[in-house]
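*Asks:* Structure file upload-v6.cif (mmCIF, C-alpha atoms and all ligand atoms) right here:
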```cif
data_model
loop_
_atom_site.label_atom_id
_atom_site.label_comp_id
_atom_site.auth_asym_id
_atom_site.auth_seq_id
_atom_site.Cartn_x
_atom_site.Cartn_y
_atom_site.Cartn_z
CA SER I 10 74.65 20.98 15.60
CA GLY I 11 70.93 21.01 14.84
CA SER I 12 70.72 24.70 13.89
CA ASP I 13 73.75 24.52 11.55
CA ALA I 14 72.16 21.62 9.75
CA THR I 15 68.90 23.54 9.41
CA GLU I 16 70.67 26.57 7.92
CA GLN I 17 72.61 24.46 5.50
CA GLN I 18 69.47 22.66 4.51
CA SER I 19 67.59 25.94 3.79
CA GLU I 20 70.49 27.18 1.63
CA ASN I 21 70.41 23.98 -0.38
CA THR I 22 66.73 24.27 -1.06
CA ASN I 23 66.57 27.99 -1.90
CA ASP I 24 65.27 27.23 -5.34
CA ASP I 25 62.44 25.16 -3.93
CA ALA I 26 60.59 27.35 -1.45
CA THR I 27 57.85 24.78 -0.79
CA LYS I 28 60.20 22.06 0.39
CA PRO I 29 60.23 21.77 4.20
CA THR I 30 63.52 21.69 6.10
CA PHE I 31 64.31 19.34 8.95
CA GLU I 32 66.50 19.70 11.99
CA SER I 33 69.14 17.02 11.91
CA ARG I 34 68.55 14.20 14.34
CA THR I 35 68.95 10.47 14.82
CA ILE I 36 66.12 8.20 15.87
CA ALA I 37 66.97 4.83 17.47
CA LEU I 38 64.72 1.88 16.56
CA GLY I 39 65.08 -1.53 18.22
CA HIS I 40 63.73 -4.98 17.38
CA ALA I 41 64.35 -8.43 18.86
CA THR I 42 64.83 -10.56 15.76
CA SER I 43 67.44 -11.38 13.16
CA ASP I 44 68.88 -8.81 10.75
CA SER I 45 68.91 -11.32 7.88
CA GLU I 46 67.61 -10.73 4.35
CA ASN I 47 64.47 -12.75 5.00
CA SER I 48 63.63 -11.16 8.38
CA HIS I 49 60.32 -9.28 8.18
CA TYR I 50 61.07 -6.84 11.02
CA HIS I 51 64.47 -6.03 9.68
CA GLN I 52 63.39 -5.54 6.08
CA GLY I 53 60.45 -3.46 7.32
CA ALA I 54 62.78 -1.35 9.49
CA LEU I 55 65.14 -0.82 6.55
CA LYS I 56 62.24 0.31 4.37
CA PHE I 57 61.12 2.78 7.07
CA LYS I 58 64.69 4.08 7.35
CA GLU I 59 65.00 4.52 3.59
CA LEU I 60 61.68 6.41 3.34
CA VAL I 61 62.38 8.76 6.27
CA GLU I 62 65.93 9.51 5.17
CA GLU I 63 64.84 10.16 1.59
CA ALA I 64 61.96 12.46 2.58
CA THR I 65 64.21 14.51 4.90
CA ASP I 66 67.23 14.63 2.56
CA GLY I 67 69.19 12.66 5.13
CA GLN I 68 68.65 15.19 7.92
CA VAL I 69 66.74 12.62 9.95
CA THR I 70 68.44 9.24 10.20
CA ILE I 71 67.02 6.03 11.58
CA GLU I 72 69.50 3.89 13.50
CA ILE I 73 68.34 0.25 13.58
CA HIS I 74 69.32 -1.99 16.51
CA PRO I 75 68.36 -5.61 15.64
CA ASN I 76 68.88 -8.97 17.40
CA GLY I 77 67.63 -7.77 20.79
CA VAL I 78 70.84 -5.82 21.44
CA LEU I 79 68.69 -3.24 23.26
CA GLY I 80 66.94 -6.00 25.24
CA GLY I 81 63.88 -8.21 24.92
CA GLU I 82 60.56 -6.74 23.75
CA ARG I 83 59.31 -5.98 27.28
CA GLU I 84 62.53 -4.16 28.10
CA MET I 85 62.49 -2.19 24.84
CA ILE I 86 58.86 -1.11 25.35
CA GLU I 87 59.78 0.05 28.85
CA ALA I 88 62.73 1.98 27.42
CA VAL I 89 60.50 3.66 24.82
CA GLN I 90 58.05 4.59 27.55
CA LEU I 91 60.93 6.16 29.55
CA GLY I 92 62.37 7.80 26.44
CA THR I 93 65.78 6.08 26.61
CA VAL I 94 65.00 4.30 23.31
CA ASP I 95 63.00 6.20 20.66
CA MET I 96 61.17 3.45 18.81
CA VAL I 97 60.46 -0.28 18.96
CA PHE I 98 59.09 -2.71 16.40
CA THR I 99 57.51 -5.46 18.50
CA SER I 100 54.90 -8.19 18.75
CA THR I 101 51.94 -7.60 21.07
CA GLY I 102 53.44 -10.22 23.43
CA PRO I 103 54.26 -7.92 26.38
CA VAL I 104 52.24 -4.88 25.21
CA GLY I 105 49.15 -5.83 27.25
CA ASN I 106 51.20 -5.27 30.40
CA PHE I 107 51.39 -1.57 29.45
CA ALA I 108 47.88 -1.11 28.02
CA SER I 109 45.51 -3.98 28.76
CA LYS I 110 43.25 -3.51 25.71
CA SER I 111 45.99 -4.73 23.42
CA ASN I 112 45.49 -8.21 24.89
CA ALA I 113 42.20 -8.38 22.97
CA PHE I 114 44.25 -9.13 19.84
CA ASP I 115 45.99 -12.08 21.50
CA PHE I 116 43.11 -14.54 21.87
CA PRO I 117 43.41 -17.99 20.26
CA PHE I 118 41.77 -18.58 16.85
CA LEU I 119 40.33 -15.05 16.89
CA PHE I 120 41.21 -13.71 13.45
CA ARG I 121 39.84 -15.69 10.50
CA ASP I 122 42.54 -14.60 8.07
CA ARG I 123 44.96 -11.74 7.51
CA GLU I 124 42.35 -9.53 5.80
CA HIS I 125 40.17 -9.81 8.91
CA ALA I 126 43.13 -8.74 11.06
CA TYR I 127 43.93 -5.75 8.80
CA LYS I 128 40.29 -4.53 8.95
CA VAL I 129 40.35 -4.61 12.75
CA LEU I 130 43.86 -3.22 13.30
CA ASP I 131 43.61 -0.43 10.71
CA GLY I 132 40.08 0.52 11.78
CA GLU I 133 38.18 1.79 14.80
CA ILE I 134 39.20 -1.00 17.17
CA GLY I 135 42.89 -0.49 16.40
CA GLU I 136 42.39 3.24 17.07
CA GLU I 137 40.74 2.51 20.41
CA VAL I 138 43.72 0.40 21.51
CA ASN I 139 46.12 3.09 20.23
CA GLN I 140 44.45 5.65 22.47
CA GLN I 141 45.01 3.56 25.57
CA LEU I 142 48.65 3.03 24.59
CA GLU I 143 49.09 6.77 24.05
CA SER I 144 47.99 7.47 27.58
CA ALA I 145 50.83 5.14 28.61
CA GLY I 146 53.28 7.31 26.63
CA LEU I 147 53.47 4.88 23.72
CA LYS I 148 52.34 6.09 20.30
CA VAL I 149 51.51 3.34 17.81
CA LEU I 150 52.38 4.60 14.33
CA VAL I 151 50.99 1.53 12.56
CA TRP I 152 50.05 -2.07 13.18
CA ALA I 153 52.31 -4.10 10.92
CA GLU I 154 52.47 -7.85 11.35
CA ASN I 155 54.34 -10.78 12.71
CA GLY I 156 51.96 -13.32 11.19
CA PHE I 157 50.03 -16.39 12.35
CA ARG I 158 51.91 -18.32 15.01
CA ASN I 159 52.77 -22.02 14.64
CA ILE I 160 54.04 -24.63 17.08
CA THR I 161 57.50 -26.19 16.81
CA ASN I 162 58.75 -29.04 18.99
CA SER I 163 61.87 -31.15 19.38
CA THR I 164 60.55 -34.54 20.48
CA HIS I 165 57.44 -35.57 18.52
CA PRO I 166 54.89 -34.20 16.05
CA ILE I 167 52.03 -32.16 17.59
CA LYS I 168 48.66 -32.95 15.99
CA THR I 169 46.20 -32.86 18.91
CA PRO I 170 46.06 -31.14 22.31
CA ASP I 171 46.91 -34.59 23.75
CA ASP I 172 50.27 -34.43 21.99
CA LEU I 173 51.01 -31.27 24.00
CA LYS I 174 50.44 -32.96 27.40
CA GLY I 175 53.33 -32.03 29.64
CA VAL I 176 55.32 -30.45 26.81
CA LYS I 177 57.42 -27.56 28.10
CA ILE I 178 56.67 -24.75 25.69
CA ARG I 179 57.99 -21.20 25.76
CA THR I 180 55.35 -18.52 25.28
CA MET I 181 55.65 -14.76 25.21
CA GLU I 182 55.14 -12.81 28.44
CA ASN I 183 51.40 -12.64 27.83
CA LYS I 184 48.65 -13.90 30.14
CA ILE I 185 46.22 -14.79 27.33
CA HIS I 186 48.87 -16.89 25.60
CA LEU I 187 49.81 -18.60 28.87
CA ASP I 188 46.17 -19.45 29.62
CA SER I 189 45.68 -20.72 26.08
CA PHE I 190 48.58 -23.14 26.28
CA ARG I 191 47.46 -24.35 29.71
CA GLN I 192 44.07 -25.09 28.14
CA PHE I 193 45.78 -26.90 25.26
CA GLY I 194 47.32 -29.16 27.93
CA ALA I 195 50.92 -27.96 27.68
CA ASP I 196 53.28 -26.75 30.39
CA PRO I 197 53.96 -23.14 29.27
CA THR I 198 56.84 -20.94 30.48
CA PRO I 199 56.98 -17.21 29.66
CA MET I 200 60.39 -16.08 28.49
CA ALA I 201 61.97 -13.22 26.54
CA PHE I 202 62.75 -14.10 22.93
CA THR I 203 66.40 -13.19 23.47
CA GLU I 204 66.76 -16.26 25.74
CA LEU I 205 64.78 -18.67 23.59
CA PHE I 206 67.30 -20.19 21.21
CA THR I 207 69.65 -21.21 24.04
CA ALA I 208 66.71 -22.50 26.11
CA LEU I 209 65.68 -24.77 23.20
CA GLN I 210 69.26 -25.86 22.60
CA GLN I 211 69.78 -26.79 26.25
CA GLY I 212 66.39 -28.46 26.64
CA VAL I 213 65.10 -25.95 29.20
CA VAL I 214 62.01 -25.95 26.97
CA ASP I 215 61.13 -28.46 24.22
CA ALA I 216 58.79 -26.32 22.17
CA GLN I 217 58.01 -22.78 21.12
CA GLU I 218 55.50 -21.02 18.91
CA ASN I 219 56.13 -18.24 16.40
CA PRO I 220 55.27 -17.27 12.84
CA LEU I 221 57.33 -18.72 9.96
CA SER I 222 58.81 -15.23 9.57
CA VAL I 223 60.56 -15.79 12.91
CA ILE I 224 61.12 -19.57 12.88
CA ILE I 225 63.06 -19.53 9.60
CA PRO I 226 65.25 -16.36 9.72
CA ASN I 227 66.20 -17.25 13.33
CA LYS I 228 67.15 -20.81 12.27
CA PHE I 229 64.99 -22.67 14.78
CA TYR I 230 65.23 -25.69 12.47
CA GLU I 231 68.66 -26.23 14.02
CA VAL I 232 67.02 -27.09 17.36
CA GLN I 233 63.42 -28.07 16.44
CA ASP I 234 62.43 -31.08 14.29
CA TYR I 235 58.65 -30.67 14.03
CA LEU I 236 56.55 -27.77 12.77
CA THR I 237 52.75 -27.77 13.00
CA LEU I 238 50.94 -25.09 10.98
CA THR I 239 48.40 -24.39 13.72
CA GLY I 240 48.10 -20.63 13.16
CA HIS I 241 46.62 -20.57 16.69
CA PHE I 242 47.26 -16.83 17.34
CA TYR I 243 47.47 -14.00 14.86
CA SER I 244 50.42 -11.88 15.98
CA PRO I 245 50.25 -8.16 15.13
CA ALA I 246 53.38 -5.99 15.23
CA PRO I 247 52.93 -2.38 16.34
CA LEU I 248 55.63 0.13 15.40
CA ILE I 249 55.81 2.28 18.54
CA ILE I 250 57.46 5.66 19.21
CA ASN I 251 57.82 7.59 22.47
CA LYS I 252 54.78 9.87 22.51
CA ASP I 253 56.53 12.99 23.86
CA LEU I 254 59.25 12.64 21.25
CA PHE I 255 56.68 12.40 18.45
CA ASP I 256 54.76 15.39 19.83
CA SER I 257 57.99 17.42 19.86
CA PHE I 258 58.46 16.94 16.09
CA SER I 259 57.44 19.65 13.60
CA PRO I 260 54.16 18.92 11.79
CA GLU I 261 56.23 18.25 8.64
CA LEU I 262 58.36 15.63 10.36
CA GLN I 263 55.30 14.04 11.98
CA ASP I 264 53.84 13.75 8.52
CA VAL I 265 56.99 12.16 7.08
CA ILE I 266 57.18 9.63 9.95
CA THR I 267 53.49 8.73 9.71
CA LYS I 268 53.52 8.25 5.94
CA ALA I 269 56.77 6.26 6.02
CA ALA I 270 55.28 4.00 8.72
CA GLU I 271 52.14 3.38 6.66
CA GLU I 272 54.15 2.52 3.58
CA MET I 273 56.36 0.25 5.68
CA ARG I 274 53.30 -1.56 7.06
CA ASP I 275 51.97 -2.37 3.58
CA PHE I 276 55.44 -3.41 2.42
CA GLU I 277 56.03 -5.62 5.45
CA ARG I 278 52.67 -7.42 5.26
CA GLU I 279 53.28 -8.14 1.58
CA PHE I 280 56.85 -9.25 2.32
CA ILE I 281 55.64 -11.94 4.74
CA TYR I 282 53.00 -13.11 2.29
CA GLN I 283 55.52 -13.38 -0.53
CA GLN I 284 58.05 -15.26 1.62
CA GLU I 285 55.64 -17.93 2.88
CA GLN I 286 56.43 -20.66 0.31
CA GLU I 287 60.13 -19.93 0.55
CA TYR I 288 60.03 -20.21 4.36
CA LEU I 289 58.32 -23.62 4.09
CA LYS I 290 60.89 -24.76 1.55
CA ILE I 291 63.76 -23.74 3.85
CA ALA I 292 62.09 -25.58 6.77
CA GLU I 293 61.87 -28.75 4.66
CA GLU I 294 65.37 -28.48 3.27
CA ASN I 295 66.63 -28.25 6.83
CA GLY I 296 64.90 -31.43 7.85
CA MET I 297 61.80 -30.20 9.64
CA GLU I 298 58.77 -32.47 9.50
CA ILE I 299 55.83 -30.21 8.60
CA ILE I 300 52.32 -30.99 9.83
CA GLN I 301 50.09 -29.05 7.46
CA ALA I 302 47.09 -26.93 8.52
CA ASP I 303 44.68 -29.70 7.43
CA GLU I 304 46.68 -32.42 9.20
CA TYR I 305 46.22 -31.31 12.80
CA ASP I 306 43.01 -31.52 14.85
CA PHE I 307 41.76 -27.95 14.52
CA GLU I 308 38.38 -28.75 16.14
CA ALA I 309 40.02 -30.12 19.29
CA PHE I 310 42.32 -27.10 19.64
CA PHE I 311 39.45 -24.71 18.96
CA GLU I 312 37.30 -26.40 21.63
CA ALA I 313 40.16 -26.37 24.12
CA ALA I 314 40.54 -22.61 23.57
CA GLN I 315 36.96 -21.70 24.54
CA PRO I 316 37.48 -21.53 28.35
CA VAL I 317 39.99 -18.72 27.74
CA TYR I 318 37.17 -16.63 26.21
CA GLU I 319 34.92 -17.52 29.16
CA LYS I 320 37.55 -16.61 31.73
CA TYR I 321 37.97 -13.12 30.28
CA ALA I 322 34.35 -12.51 29.21
CA ASP I 323 33.84 -9.61 31.64
CA GLU I 324 36.97 -7.77 30.66
CA TYR I 325 37.19 -8.52 26.93
CA GLY I 326 33.79 -9.92 25.89
CA ASP I 327 32.60 -6.72 24.27
CA ILE I 328 35.71 -5.95 22.24
CA LEU I 329 36.08 -9.62 21.22
CA ASP I 330 32.48 -9.66 19.96
CA ARG I 331 33.20 -6.55 17.92
CA ILE I 332 36.36 -8.09 16.49
CA ILE I 333 34.54 -11.29 15.55
CA ALA I 334 31.69 -9.27 13.97
CA THR I 335 34.12 -7.27 11.79
CA GLU I 336 33.70 -8.30 8.15
O1 LIG I 401 58.30 -14.76 20.14
C1 LIG I 401 58.43 -13.54 20.32
O2 LIG I 401 58.81 -13.05 21.38
C2 LIG I 401 58.06 -12.61 19.17
O3 LIG I 401 57.20 -13.24 18.29
C3 LIG I 401 59.30 -12.11 18.39
C4 LIG I 401 60.04 -13.24 17.77
C5 LIG I 401 60.25 -11.37 19.33
C6 LIG I 401 58.87 -11.17 17.29
O4 LIG I 401 58.08 -10.14 17.73
#
```
Show this structure as structure tokens.
*Replies:*
Amino acid sequence: SGSDATEQQSENTNDDATKPTFESRTIALGHATSDSENSHYHQGALKFKELVEEATDGQVTIEIHPNGVLGGEREMIEAVQLGTVDMVFTSTGPVGNFASKSNAFDFPFLFRDREHAYKVLDGEIGEEVNQQLESAGLKVLVWAENGFRNITNSTHPIKTPDDLKGVKIRTMENKIHLDSFRQFGADPTPMAFTELFTALQQGVVDAQENPLSVIIPNKFYEVQDYLTLTGHFYSPAPLIINKDLFDSFSPELQDVITKAAEEMRDFEREFIYQQEQEYLKIAEENGMEIIQADEYDFEAFFEAAQPVYEKYADEYGDILDRIIATE
């Protein structure tokens, strides 16, 4: 039981009076992607687990549930809100349905590069979005990343918005993403990631968009022949914990969890960066035709995206201006 573990722990650390003790507990953490060696979420989750377990002498264990076994991202966020799952490592895809401000991060061609994204997410604007999520019972520990999203397709290379005409593309369950792909000329369908591979395989959709860190570890090259490095959305990845659960922790455990999450974030961002060339190599080796970032019509996509900013100017204009002005 918890109190036995606490007693045992204090006996063990008698010679080190300053070392805090921790009640034994298990924390469940879900994510929707692969548990492979090159999966960013999984390697990030393993790092978080290692750090928490080390700092608590194994009293607190993190139980990782990969591959969407606990459901798609929307379902897992709901479960964290209800407290039936403790933590989720997710994209922002469905997050805006729980706290609308998070949608501000989902606009097309918004972030100039990853440093720009880190400044915004780790700064005041990230904090402002965190506060809204907290009032929905969801505490964001850190904003890690998913990366810049790219388009894959099974029938022909995508270089211009015209090439997307009528293409059935799966997007996340996110209204900004849906509007963006409508503006690009495609025929977007929102769908949970857990259904995507089969939908591509069976031709329910012809295309999808995700960062390389998802496309490669989840083997989309088996069902997609073309990859365009559009980088059309930056995709942040909040690590979220049930707020009441976090508030119930001792200050020492809160500190361990917060520090481990911050270290995980830095590790995970670096992991994606380091894997990039390797991901591209694997895509090529598996027969994908890659349309490089300077080989697609960026100007035409950028232009096509502008009505999305106009449509949401009242709701998001201010925060978008502040994001764009962040140096
Ligand atoms: O495409 C999605 O739904 C997300 O990018 C994914 C792959 C679940 C990672 O957050």
*Asks:* Compute the set of protein, DNA and RNA residues whose minimum atom distance to ligand LIG 401 (chain I) is at most 6 Å, using only C-alpha atoms and all ligand atoms, and state it as a PyMOL selection string.
*Replies:* chain I and resi 41-42+99-100+181+202+219+223
*Asks:* For C-alpha atoms, I'd like the residues from the last selection saved as an mmCIF file, keeping the file's coordinate frame.
*Replies:*
```cif
data_model
loop_
_atom_site.group_PDB
_atom_site.id
_atom_site.type_symbol
_atom_site.label_atom_id
_atom_site.label_comp_id
_atom_site.auth_asym_id
_atom_site.auth_seq_id
_atom_site.Cartn_x
_atom_site.Cartn_y
_atom_site.Cartn_z
ATOM 1 C CA ALA I 41 64.350 -8.430 18.860
ATOM 2 C CA THR I 42 64.830 -10.560 15.760
ATOM 3 C CA THR I 99 57.510 -5.460 18.500
ATOM 4 C CA SER I 100 54.900 -8.190 18.750
ATOM 5 C CA MET I 181 55.650 -14.760 25.210
ATOM 6 C CA PHE I 202 62.750 -14.100 22.930
ATOM 7 C CA ASN I 219 56.130 -18.240 16.400
ATOM 8 C CA VAL I 223 60.560 -15.790 12.910
#
```
*Asks:* Env of region 155-160 of chain I: 7 Å cut, atoms = all atoms listed in the file, seq-sep filter 3 positions within chain, self excluded. Answer as a list of chain:residue names.
*Replies:*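 These residues fall inside the cut-off: I:Ser100, I:Gln217, I:Glu218, I:Asn219, I:Pro220, I:Leu236, I:Thr237, I:Leu238, I:Thr239, I:Gly240, I:His241, I:Phe242, I:Tyr243, I:Ser244, I:Pro245, I:Ala246.
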*Asks:* At what distance in Å, to one decimal, does CA of Leu248 (chain I) lie from CA of Val151 (chain I)?
*Replies:*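 Pair CA of Val151 (chain I) / CA of Leu248 (chain I) returns 5.6 Å.
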*Asks:* State, in Å with one decimal place, the distance from CA of Arg278 (chain I) to CA of Val89 (chain I).
*Replies:*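 So the answer is 23.8 Å.
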*Asks:* Could you work out how far CA of Ala108 (chain I) lies from CA of Val138 (chain I), giving the answer in Å with one decimal?
*Replies:*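 Result for CA of Val138 (chain I) versus CA of Ala108 (chain I): 7.9 Å, one decimal.
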*Asks:* Near Lys177 (chain I), counting all atoms listed in the file, which residues have an atom at most 7 Å away, once you skip same-chain residues fewer than 3 positions from it, shown as a count of residues only?
*Replies:* 6
*Asks:* Near region 124-133 of chain I, within 12 Å and counting all atoms listed in the file, which residues show up once chain neighbours fewer than 3 positions away are dropped, as number ranges by chain?
*Replies:* I: 111, 113-115, 118-121, 136-140, 149-157, 242-247, 271, 274-275, 278-279, 282, 328-336
*Asks:* May I ask which of the residues I:Arg179, I:Lys252, I:Arg83, I:Lys110 is the closest one to Val213 (chain I), counting only C-alpha atoms?
*Replies:*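 Closest to Val213 (chain I) of all the choices is I:Arg179.
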*Asks:* Please determine, counting only C-alpha atoms, which residue among I:His49, I:Lys148, I:Lys184, I:Lys58 has the shortest atom-to-atom distance to Leu221 (chain I).
*Replies:*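 Of all the options, I:His49 lies closest to Leu221 (chain I).
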*Asks:* Compile the contact shell of region 297-314 of chain I as number ranges by chain: residues with an atom at most 8 Å away, counting only C-alpha atoms, same-chain residues fewer than 5 positions apart removed.
*Replies:* I: 117-118, 166-170, 189, 192-193, 230, 233-240, 292
*Asks:* For a quick check of understanding, using only C-alpha atoms, which of I:Ile185, I:Val104, I:Leu289, I:Ala269 has the smallest distance to Gln315 (chain I)?
*Replies:*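 Counting only C-alpha atoms, the residue closest to Gln315 (chain I) is I:Ile185.
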*Asks:* Select region 233-265 of chain I in the preceding structure and write C-alpha atoms to a file as a PDB file, in the first residue's frame.
*Replies:*
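Saved file selection_16.pdb follows:
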```pdb
ATOM      1  CA  GLN I 233       1.792   6.467 -49.877  1.00  0.00           C
ATOM      2  CA  ASP I 234       4.119   7.037 -52.870  1.00  0.00           C
ATOM      3  CA  TYR I 235       4.591  10.815 -52.805  1.00  0.00           C
ATOM      4  CA  LEU I 236       5.870  13.110 -50.061  1.00  0.00           C
ATOM      5  CA  THR I 237       5.877  16.902 -50.427  1.00  0.00           C
ATOM      6  CA  LEU I 238       7.904  18.835 -47.841  1.00  0.00           C
ATOM      7  CA  THR I 239       5.297  21.594 -47.512  1.00  0.00           C
ATOM      8  CA  GLY I 240       5.729  22.222 -43.775  1.00  0.00           C
ATOM      9  CA  HIS I 241       2.301  23.897 -44.007  1.00  0.00           C
ATOM     10  CA  PHE I 242       1.458  23.662 -40.258  1.00  0.00           C
ATOM     11  CA  TYR I 243       3.809  23.580 -37.311  1.00  0.00           C
ATOM     12  CA  SER I 244       2.432  20.920 -34.978  1.00  0.00           C
ATOM     13  CA  PRO I 245       3.139  21.403 -31.253  1.00  0.00           C
ATOM     14  CA  ALA I 246       2.762  18.509 -28.805  1.00  0.00           C
ATOM     15  CA  PRO I 247       1.537  19.365 -25.309  1.00  0.00           C
ATOM     16  CA  LEU I 248       2.208  16.872 -22.515  1.00  0.00           C
ATOM     17  CA  ILE I 249      -1.022  17.080 -20.504  1.00  0.00           C
ATOM     18  CA  ILE I 250      -1.917  15.811 -17.022  1.00  0.00           C
ATOM     19  CA  ASN I 251      -5.273  15.830 -15.208  1.00  0.00           C
ATOM     20  CA  LYS I 252      -5.211  19.067 -13.235  1.00  0.00           C
ATOM     21  CA  ASP I 253      -6.792  17.715 -10.023  1.00  0.00           C
ATOM     22  CA  LEU I 254      -4.344  14.827  -9.998  1.00  0.00           C
ATOM     23  CA  PHE I 255      -1.379  17.191 -10.359  1.00  0.00           C
ATOM     24  CA  ASP I 256      -2.758  19.465  -7.626  1.00  0.00           C
ATOM     25  CA  SER I 257      -3.067  16.455  -5.300  1.00  0.00           C
ATOM     26  CA  PHE I 258       0.684  15.722  -5.567  1.00  0.00           C
ATOM     27  CA  SER I 259       3.120  16.850  -2.852  1.00  0.00           C
ATOM     28  CA  PRO I 260       5.159  19.938  -3.807  1.00  0.00           C
ATOM     29  CA  GLU I 261       8.200  17.630  -4.139  1.00  0.00           C
ATOM     30  CA  LEU I 262       6.453  15.362  -6.622  1.00  0.00           C
ATOM     31  CA  GLN I 263       5.091  18.343  -8.562  1.00  0.00           C
ATOM     32  CA  ASP I 264       8.646  19.568  -8.832  1.00  0.00           C
ATOM     33  CA  VAL I 265       9.946  16.193 -10.055  1.00  0.00           C
TER      34      VAL I 265
END
```
